[in-house]
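Structure file final23.txt (compact mmCIF, C-alpha atoms) follows.
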# COMPACT_ATOMS: atom_id res chain seq x y z
CA MET A 1 -75.97 -20.86 -15.60
CA VAL A 2 -78.83 -23.21 -16.41
CA LEU A 3 -77.64 -25.84 -13.97
CA GLU A 4 -78.18 -23.56 -10.99
CA LYS A 5 -81.89 -23.14 -11.62
CA LEU A 6 -84.31 -25.20 -9.62
CA ASP A 7 -85.41 -28.17 -11.72
CA PHE A 8 -88.76 -28.64 -10.05
CA SER A 9 -89.84 -31.71 -12.01
CA GLU A 10 -86.58 -33.52 -11.12
CA ALA A 11 -86.99 -32.56 -7.46
CA ARG A 12 -90.59 -33.77 -7.49
CA LYS A 13 -89.55 -37.09 -9.06
CA GLY A 14 -86.93 -37.52 -6.36
CA PHE A 15 -89.50 -36.65 -3.69
CA ILE A 16 -92.09 -39.14 -4.98
CA GLU A 17 -89.85 -42.03 -6.02
CA ILE A 18 -88.27 -42.31 -2.57
CA THR A 19 -91.67 -43.05 -0.96
CA PRO A 20 -91.15 -46.83 -0.49
CA LEU A 21 -87.90 -46.11 1.37
CA ALA A 22 -89.41 -43.19 3.27
CA VAL A 23 -92.01 -45.53 4.78
CA GLY A 24 -89.18 -47.62 6.24
CA VAL A 25 -87.45 -44.47 7.49
CA GLY A 26 -90.69 -43.39 9.16
CA PHE A 27 -90.85 -46.55 11.28
CA TYR A 28 -87.25 -46.04 12.36
CA GLY A 29 -88.12 -42.44 13.17
CA LEU A 30 -90.90 -43.57 15.52
CA ALA A 31 -88.52 -46.03 17.18
CA PHE A 32 -85.84 -43.34 17.54
CA GLY A 33 -88.33 -40.86 19.00
CA LEU A 34 -89.34 -43.44 21.59
CA LEU A 35 -85.70 -44.05 22.53
CA ALA A 36 -85.00 -40.32 22.67
CA ALA A 37 -87.98 -39.75 24.97
CA GLN A 38 -86.67 -42.45 27.30
CA ALA A 39 -83.29 -40.68 27.26
CA GLY A 40 -85.07 -37.49 28.37
CA LEU A 41 -84.89 -35.53 25.11
CA SER A 42 -87.68 -33.04 24.37
CA SER A 43 -89.53 -32.75 21.04
CA LEU A 44 -87.55 -29.59 20.33
CA GLU A 45 -84.24 -31.33 20.88
CA VAL A 46 -85.28 -34.31 18.76
CA GLY A 47 -86.56 -32.07 15.95
CA PHE A 48 -83.41 -29.97 16.00
CA MET A 49 -81.21 -33.06 16.02
CA GLY A 50 -83.09 -34.66 13.12
CA THR A 51 -82.90 -31.52 11.01
CA PHE A 52 -79.24 -30.70 11.58
CA VAL A 53 -77.61 -34.11 12.09
CA PHE A 54 -79.86 -35.91 9.59
CA ALA A 55 -78.21 -39.31 9.94
CA GLY A 56 -80.54 -41.85 11.52
CA SER A 57 -78.21 -44.61 12.65
CA ALA A 58 -75.72 -42.11 14.13
CA GLN A 59 -78.52 -40.37 16.05
CA ILE A 60 -79.74 -43.68 17.46
CA VAL A 61 -76.27 -44.72 18.61
CA ALA A 62 -75.40 -41.30 20.05
CA VAL A 63 -78.62 -41.12 22.09
CA GLU A 64 -78.17 -44.71 23.25
CA ARG A 65 -74.64 -43.86 24.47
CA LEU A 66 -75.96 -40.71 26.15
CA MET A 67 -78.62 -42.76 27.92
CA ALA A 68 -75.94 -45.27 29.01
CA GLY A 69 -74.15 -42.39 30.72
CA ALA A 70 -71.08 -42.57 28.49
CA GLY A 71 -70.74 -38.79 28.30
CA ALA A 72 -71.05 -36.27 25.47
CA ALA A 73 -67.65 -36.95 23.86
CA ALA A 74 -68.20 -40.72 23.70
CA ALA A 75 -71.70 -40.23 22.30
CA ILE A 76 -70.42 -37.92 19.57
CA ILE A 77 -67.54 -40.23 18.64
CA ALA A 78 -69.84 -43.27 18.44
CA GLY A 79 -72.19 -41.38 16.11
CA LEU A 80 -69.37 -40.08 13.96
CA ALA A 81 -67.89 -43.56 13.54
CA LEU A 82 -71.16 -44.63 11.91
CA ASN A 83 -71.11 -41.54 9.72
CA LEU A 84 -67.67 -42.22 8.25
CA ARG A 85 -69.37 -44.03 5.37
CA LEU A 86 -70.88 -40.64 4.40
CA LEU A 87 -67.33 -39.63 3.44
CA LEU A 88 -67.30 -42.34 0.77
CA ILE A 89 -70.87 -41.52 -0.25
CA THR A 90 -70.29 -37.82 -0.94
CA ALA A 91 -66.87 -38.58 -2.51
CA SER A 92 -68.51 -41.00 -4.94
CA VAL A 93 -70.92 -38.36 -6.27
CA SER A 94 -68.78 -35.24 -5.83
CA ASN A 95 -69.28 -34.18 -9.45
CA VAL A 96 -73.01 -33.70 -8.82
CA PHE A 97 -72.13 -30.76 -6.55
CA SER A 98 -69.35 -29.16 -8.57
CA GLN A 99 -69.85 -25.68 -10.06
CA ARG A 100 -72.87 -24.95 -7.89
CA PRO A 101 -73.40 -21.90 -5.68
CA LEU A 102 -72.34 -22.35 -2.06
CA TRP A 103 -75.90 -22.61 -0.72
CA GLN A 104 -76.71 -25.41 -3.17
CA LEU A 105 -73.47 -27.21 -2.23
CA VAL A 106 -74.25 -26.96 1.50
CA LEU A 107 -77.92 -27.93 1.03
CA GLY A 108 -77.14 -30.88 -1.25
CA LEU A 109 -74.33 -32.23 0.92
CA HIS A 110 -76.40 -31.95 4.09
CA LEU A 111 -79.37 -33.72 2.48
CA THR A 112 -77.25 -36.62 1.16
CA THR A 113 -78.09 -39.88 2.93
CA ASP A 114 -77.74 -43.55 1.97
CA GLU A 115 -81.30 -43.73 0.63
CA ASN A 116 -81.52 -40.73 -1.71
CA TRP A 117 -77.89 -41.21 -2.79
CA ALA A 118 -78.68 -44.75 -3.90
CA MET A 119 -81.92 -43.67 -5.60
CA MET A 120 -80.06 -40.94 -7.50
CA LEU A 121 -77.41 -43.40 -8.70
CA ALA A 122 -80.09 -45.76 -9.96
CA ARG A 123 -81.73 -42.84 -11.77
CA GLN A 124 -78.46 -41.73 -13.36
CA LYS A 125 -77.95 -45.31 -14.56
CA ARG A 126 -81.35 -45.13 -16.29
CA GLY A 127 -80.16 -42.01 -18.13
CA GLY A 128 -81.74 -39.36 -15.91
CA ALA A 129 -80.47 -35.78 -15.58
CA SER A 130 -77.42 -34.73 -13.53
CA GLY A 131 -79.21 -35.80 -10.40
CA TYR A 132 -78.71 -32.83 -8.07
CA TRP A 133 -82.37 -31.83 -7.81
CA TYR A 134 -83.46 -35.46 -7.75
CA LEU A 135 -81.12 -35.95 -4.76
CA VAL A 136 -82.41 -32.80 -3.03
CA GLY A 137 -86.06 -33.76 -3.65
CA GLY A 138 -85.48 -37.21 -2.16
CA GLY A 139 -83.53 -35.68 0.74
CA LEU A 140 -86.35 -33.24 1.55
CA ALA A 141 -88.90 -36.09 1.56
CA LEU A 142 -86.67 -38.06 3.94
CA LEU A 143 -86.07 -35.02 6.17
CA LEU A 144 -89.81 -34.37 6.37
CA ILE A 145 -90.71 -37.95 7.28
CA TRP A 146 -87.74 -38.19 9.69
CA LEU A 147 -88.81 -34.99 11.44
CA VAL A 148 -92.49 -35.92 11.67
CA SER A 149 -91.90 -39.53 12.73
CA THR A 150 -89.17 -38.83 15.32
CA VAL A 151 -91.15 -36.04 16.99
CA ALA A 152 -94.26 -38.22 16.85
CA GLY A 153 -92.25 -40.96 18.54
CA VAL A 154 -91.40 -38.59 21.40
CA VAL A 155 -94.96 -37.35 21.78
CA VAL A 156 -96.65 -40.74 21.55
CA ALA A 157 -93.87 -42.53 23.43
CA THR A 158 -95.95 -45.60 24.13
CA SER A 159 -96.24 -48.98 22.46
CA ILE A 160 -95.00 -48.66 18.91
CA PRO A 161 -94.46 -51.97 17.11
CA SER A 162 -90.76 -52.54 16.56
CA PRO A 163 -89.67 -52.28 12.91
CA LYS A 164 -88.20 -55.77 13.13
CA ALA A 165 -91.48 -57.40 14.17
CA LEU A 166 -93.05 -56.14 10.94
CA GLY A 167 -90.11 -57.16 8.76
CA LEU A 168 -89.41 -53.50 8.02
CA ASP A 169 -85.76 -53.71 9.07
CA PHE A 170 -85.34 -55.75 5.89
CA ALA A 171 -86.86 -52.96 3.75
CA PHE A 172 -83.49 -51.26 3.33
CA THR A 173 -81.65 -54.50 2.52
CA ALA A 174 -84.22 -55.32 -0.18
CA ALA A 175 -84.08 -51.77 -1.57
CA PHE A 176 -80.29 -51.82 -1.75
CA ILE A 177 -80.41 -55.20 -3.50
CA ALA A 178 -82.68 -53.72 -6.20
CA ILE A 179 -80.38 -50.69 -6.49
CA ALA A 180 -77.25 -52.87 -6.70
CA ARG A 181 -78.91 -54.66 -9.61
CA SER A 182 -79.31 -51.37 -11.44
CA LEU A 183 -75.71 -50.32 -10.65
CA TRP A 184 -74.23 -53.49 -12.21
CA ARG A 185 -71.99 -52.30 -15.05
CA GLY A 186 -71.25 -55.73 -16.50
CA PRO A 187 -68.60 -58.45 -16.00
CA LYS A 188 -65.93 -55.93 -14.94
CA ASP A 189 -67.85 -55.47 -11.67
CA LEU A 190 -67.78 -59.19 -10.81
CA LEU A 191 -64.30 -59.38 -9.25
CA PRO A 192 -64.59 -56.13 -7.22
CA TRP A 193 -68.05 -57.12 -5.90
CA LEU A 194 -66.89 -60.65 -4.98
CA CYS A 195 -63.96 -59.05 -3.18
CA VAL A 196 -66.38 -56.80 -1.22
CA VAL A 197 -68.55 -59.73 -0.13
CA SER A 198 -65.50 -61.82 0.85
CA VAL A 199 -64.06 -59.02 2.98
CA VAL A 200 -67.42 -58.46 4.70
CA VAL A 201 -67.77 -62.18 5.52
CA LEU A 202 -64.15 -62.46 6.73
CA GLY A 203 -64.36 -59.19 8.66
CA LEU A 204 -67.57 -60.13 10.46
CA TYR A 205 -66.48 -63.66 11.34
CA SER A 206 -63.01 -62.60 12.50
CA GLY A 207 -64.78 -60.41 15.04
CA ALA A 208 -61.76 -58.09 15.14
CA LEU A 209 -63.50 -55.04 13.68
CA SER A 210 -66.72 -53.13 14.26
CA GLU A 211 -69.36 -53.28 11.51
CA THR A 212 -68.60 -49.74 10.36
CA TRP A 213 -64.94 -50.54 9.73
CA VAL A 214 -65.84 -53.82 8.01
CA LEU A 215 -68.12 -51.85 5.69
CA ILE A 216 -65.52 -49.21 4.85
CA ILE A 217 -62.60 -51.62 4.41
CA ALA A 218 -64.71 -53.96 2.22
CA ALA A 219 -65.85 -51.10 -0.06
CA LEU A 220 -62.28 -49.77 -0.35
CA ALA A 221 -60.92 -53.26 -1.11
CA GLY A 222 -63.45 -53.68 -3.94
CA THR A 223 -62.78 -50.25 -5.43
CA THR A 224 -59.01 -50.84 -5.23
CA VAL A 225 -59.44 -54.06 -7.23
CA ALA A 226 -61.55 -52.11 -9.74
CA GLY A 227 -58.94 -49.34 -9.89
CA VAL A 228 -55.96 -51.64 -10.43
CA ARG A 229 -57.60 -53.61 -13.25
CA ARG A 230 -57.58 -51.97 -16.68
CA MET B 1 -74.92 -25.91 27.48
CA SER B 2 -76.47 -29.18 28.62
CA GLU B 3 -74.87 -32.48 27.69
CA THR B 4 -77.74 -33.21 25.29
CA TRP B 5 -77.30 -29.96 23.38
CA LEU B 6 -73.55 -30.50 23.29
CA VAL B 7 -74.10 -33.85 21.59
CA ILE B 8 -76.67 -32.44 19.15
CA VAL B 9 -74.55 -29.47 18.08
CA GLY B 10 -71.28 -31.44 18.04
CA LEU B 11 -72.72 -34.32 16.07
CA ALA B 12 -74.46 -31.97 13.61
CA GLY B 13 -71.32 -29.91 12.92
CA LEU B 14 -68.95 -32.83 12.62
CA THR B 15 -71.38 -34.88 10.50
CA PHE B 16 -71.57 -32.01 8.03
CA LEU B 17 -67.77 -31.81 8.09
CA ILE B 18 -67.62 -35.51 7.07
CA ARG B 19 -70.07 -34.91 4.20
CA PHE B 20 -68.06 -31.87 3.09
CA CYS B 21 -64.67 -33.63 3.29
CA GLY B 22 -65.97 -36.51 1.17
CA TRP B 23 -66.99 -34.05 -1.53
CA ALA B 24 -63.67 -32.18 -1.33
CA LEU B 25 -61.77 -35.48 -1.53
CA GLY B 26 -63.79 -36.60 -4.57
CA GLN B 27 -63.08 -33.28 -6.27
CA ARG B 28 -59.34 -33.52 -5.65
CA LEU B 29 -58.79 -37.07 -6.88
CA PRO B 30 -57.54 -37.28 -10.50
CA GLN B 31 -60.28 -37.86 -13.08
CA THR B 32 -58.22 -40.40 -15.06
CA GLY B 33 -56.43 -43.70 -14.43
CA PHE B 34 -56.53 -45.56 -11.11
CA TRP B 35 -58.50 -42.95 -9.15
CA ALA B 36 -61.11 -42.55 -11.89
CA ARG B 37 -61.76 -46.31 -11.93
CA PHE B 38 -61.65 -46.32 -8.12
CA LEU B 39 -64.27 -43.57 -7.82
CA SER B 40 -66.57 -44.93 -10.53
CA ALA B 41 -66.59 -48.35 -8.82
CA LEU B 42 -67.24 -46.83 -5.38
CA PRO B 43 -71.07 -46.55 -5.49
CA GLY B 44 -71.60 -50.18 -6.52
CA CYS B 45 -69.01 -51.52 -4.06
CA LEU B 46 -70.47 -49.50 -1.17
CA ILE B 47 -74.02 -50.70 -1.90
CA VAL B 48 -72.85 -54.32 -2.17
CA ALA B 49 -70.95 -53.92 1.11
CA LEU B 50 -74.12 -52.61 2.83
CA VAL B 51 -76.21 -55.49 1.48
CA ALA B 52 -73.56 -58.07 2.46
CA LEU B 53 -73.28 -56.60 5.96
CA PHE B 54 -77.07 -56.56 6.51
CA THR B 55 -77.54 -60.16 5.33
CA VAL B 56 -74.43 -61.86 6.72
CA LYS B 57 -74.81 -60.43 10.23
CA GLY B 58 -78.42 -61.60 10.36
CA GLU B 59 -79.77 -65.08 10.87
CA SER B 60 -80.62 -67.66 8.21
CA ALA B 61 -83.92 -65.82 7.58
CA GLU B 62 -81.99 -62.74 6.38
CA LEU B 63 -79.83 -64.86 4.05
CA ILE B 64 -82.81 -66.69 2.52
CA ALA B 65 -84.90 -63.52 2.15
CA GLY B 66 -81.82 -61.81 0.67
CA GLY B 67 -81.54 -64.60 -1.89
CA ILE B 68 -85.23 -64.24 -2.76
CA ALA B 69 -84.82 -60.46 -3.12
CA VAL B 70 -81.82 -60.94 -5.44
CA ILE B 71 -83.91 -63.24 -7.66
CA VAL B 72 -86.80 -60.73 -7.74
CA ALA B 73 -84.39 -57.88 -8.53
CA LEU B 74 -82.82 -59.87 -11.38
CA LEU B 75 -86.22 -60.82 -12.84
CA THR B 76 -88.19 -57.58 -12.39
CA ARG B 77 -85.52 -54.84 -11.97
CA SER B 78 -88.22 -53.14 -9.89
CA LEU B 79 -87.46 -51.42 -6.57
CA PRO B 80 -91.00 -51.54 -5.11
CA ALA B 81 -91.46 -55.21 -6.14
CA THR B 82 -88.11 -56.22 -4.62
CA MET B 83 -88.94 -54.38 -1.39
CA ALA B 84 -92.48 -55.75 -1.12
CA ILE B 85 -91.55 -59.38 -1.78
CA GLY B 86 -88.42 -59.08 0.41
CA ILE B 87 -90.42 -57.78 3.38
CA VAL B 88 -93.14 -60.42 2.98
CA ALA B 89 -90.43 -63.11 2.72
CA ILE B 90 -88.59 -62.03 5.88
CA TRP B 91 -91.86 -61.69 7.79
CA ALA B 92 -93.01 -65.17 6.69
CA LEU B 93 -89.63 -66.75 7.49
CA ARG B 94 -89.54 -65.20 10.97
CA THR B 95 -93.18 -66.05 11.70
CA TYR B 96 -93.45 -69.57 10.32
CA ALA B 97 -89.92 -70.99 9.90
Show how you would write the structure in this file as structure tokens.
Amino acid sequence: MVLEKLDFSEARKGFIEITPLAVGVGFYGLAFGLLAAQAGLSSLEVGFMGTFVFAGSAQIVAVERLMAGAGAAAAIIAGLALNLRLLLITASVSNVFSQRPLWQLVLGLHLTTDENWAMMLARQKRGGASGYWYLVGGGLALLLIWLVSTVAGVVVATSIPSPKALGLDFAFTAAFIAIARSLWRGPKDLLPWLCVVSVVVLGLYSGALSETWVLIIAALAGTTVAGVRR
Amino acid sequence: MSETWLVIVGLAGLTFLIRFCGWALGQRLPQTGFWARFLSALPGCLIVALVALFTVKGESAELIAGGIAVIVALLTRSLPATMAIGIVAIWALRTYA
């Protein structure tokens, strides 16, 4: 099957085009490495965690909980709560992985993160290929920078400028704004998207739910509106 | 096993399980009607939810810089340009405003 072959040029495109986002990820990696070193993690533990968990915000929260003495179970649950959005992410692109050998399914799913997922969607919208190798190429670039920057953060473990001081925390917001623009499918998206924004605003100001649940409920509310309308 | 390794291995295994279950769920939903429209709207809605969360939970600087980034995205449709101008805007707002 042709699909199963490695499409090197797609993978390379994915690897290169994610660079602006990878720079932002690198700064978070340094910050995470610093936190992990303070929590007593070794370079080996941080490298292993980055490679096999590969979910930045969940790693940060889990290590923070561990450092707070909350215990292993609480640390895992806190990290998993943040990762629930990955359920929606892989569900939304499940066709990209269908009819692939098991190793490609496992590799692709593991390498799927917010950043390369969003980049792949934008590429598909521009009429690019199926997207699997683009996704994997972007995922490998992110894994590499995450690994290098987190371990560097542990080793250096001194004064690293905080991402926020440099405005880099906004890098992801700006990137997702550009990607949302390319995902706009026309007027039929208006009502679902307005619904999403309204639920986020209401959810945050009510203060009744954590950010993760606000995010998931808002996305589901918007997609339900889109599903009901013909 | 130390507590740290327990967290690393547990979080790694269960995070992969979440990624796998999302895929399995997407495969099992019908490809027509409500669920097809639901799934095809999911990427856009999730991205918009992320953007809304990042900007609304921030201060006025995040909202203003978000507005500037939306304008740049509409005008240029360029990812690097939107990121570059967005970062400069948030940095300037936090430093000088």
> At what distance in Å, to one decimal, does atom CA of Pro80 of chain B lie from atom CA of Asp169 of chain A?
Replying inline: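 If I compute the distance from atom CA of Asp169 of chain A to atom CA of Pro80 of chain B, I get 15.3 Å.
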Kindly provide the residues of chain B that approach chain A to within 6 Å, each paired with its closest atom pair and their distance in Å to one decimal, based on all atoms listed in the file, listed by chain and increasing number, as a Markdown table.
| residue | atom | partner | partner_atom | distance |
| --- | --- | --- | --- | --- |
| B:Glu3 | CA | A:Ala72 | CA | 5.8 |
| B:Val7 | CA | A:Ala72 | CA | 5.5 |
| B:Ile8 | CA | A:Met49 | CA | 5.5 |
| B:Leu11 | CA | A:Ile76 | CA | 5.5 |
| B:Ala12 | CA | A:Val53 | CA | 4.1 |
| B:Ile18 | CA | A:Leu87 | CA | 5.5 |
| B:Arg19 | CA | A:Leu87 | CA | 5.5 |
| B:Gly22 | CA | A:Leu87 | CA | 4.1 |
| B:Trp23 | CA | A:Ala91 | CA | 4.6 |
| B:Gly26 | CA | A:Ala91 | CA | 4.2 |
| B:Phe34 | CA | A:Gly227 | CA | 4.6 |
| B:Arg37 | CA | A:Gly227 | CA | 4.6 |
| B:Phe38 | CA | A:Gly227 | CA | 4.4 |
| B:Leu39 | CA | A:Ser92 | CA | 5.7 |
| B:Ala41 | CA | A:Thr223 | CA | 5.4 |
| B:Leu42 | CA | A:Thr223 | CA | 5.6 |
| B:Gly44 | CA | A:Leu183 | CA | 5.8 |
| B:Cys45 | CA | A:Ala219 | CA | 5.1 |
| B:Leu46 | CA | A:Ala219 | CA | 5.0 |
| B:Ala49 | CA | A:Leu215 | CA | 5.8 |
| B:Val51 | CA | A:Thr173 | CA | 5.6 |
| B:Ala52 | CA | A:Val197 | CA | 5.9 |
| B:Ala69 | CA | A:Ala174 | CA | 6.0 |
| B:Ala73 | CA | A:Ala178 | CA | 5.1 |
| B:Leu79 | CA | A:Ala178 | CA | 5.3 |
| B:Thr82 | CA | A:Ala174 | CA | 6.0 |
| B:Met83 | CA | A:Ala174 | CA | 5.0 |
| B:Gly86 | CA | A:Ala174 | CA | 5.7 |
| B:Ile87 | CA | A:Gly167 | CA | 5.4 |
| B:Ile90 | CA | A:Gly167 | CA | 5.9 |
| B:Trp91 | CA | A:Gly167 | CA | 5.0 |
> Which protein, DNA or RNA residues have an atom at most 12 Å from (-88.4, -28.4, -11.5), counting all atoms listed in the file? List them as an MDAnalysis selection string.
Replying inline: chainID A and resid 2:15 129 131:134 136:137
>> To one decimal place in Å, what is the distance between atom CA of Ile64 of chain B and atom CA of Arg94 of chain B?
In response: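 The value is 10.9 Å.
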> When you draw a straight line from atom CA of Val70 of chain B to atom CA of Gly26 of chain A, how long is it in Å?
Replying inline: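 Answer for the atom CA of Val70 of chain B to atom CA of Gly26 of chain A separation: 24.5 Å.
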>> Calculated over all atoms listed in the file, which of the candidates A:Trp213, A:Phe32, A:Trp103, A:Phe27 has the smallest distance to Ile145 of chain A?
In response: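 Distance minimum relative to Ile145 of chain A lands on A:Phe27.
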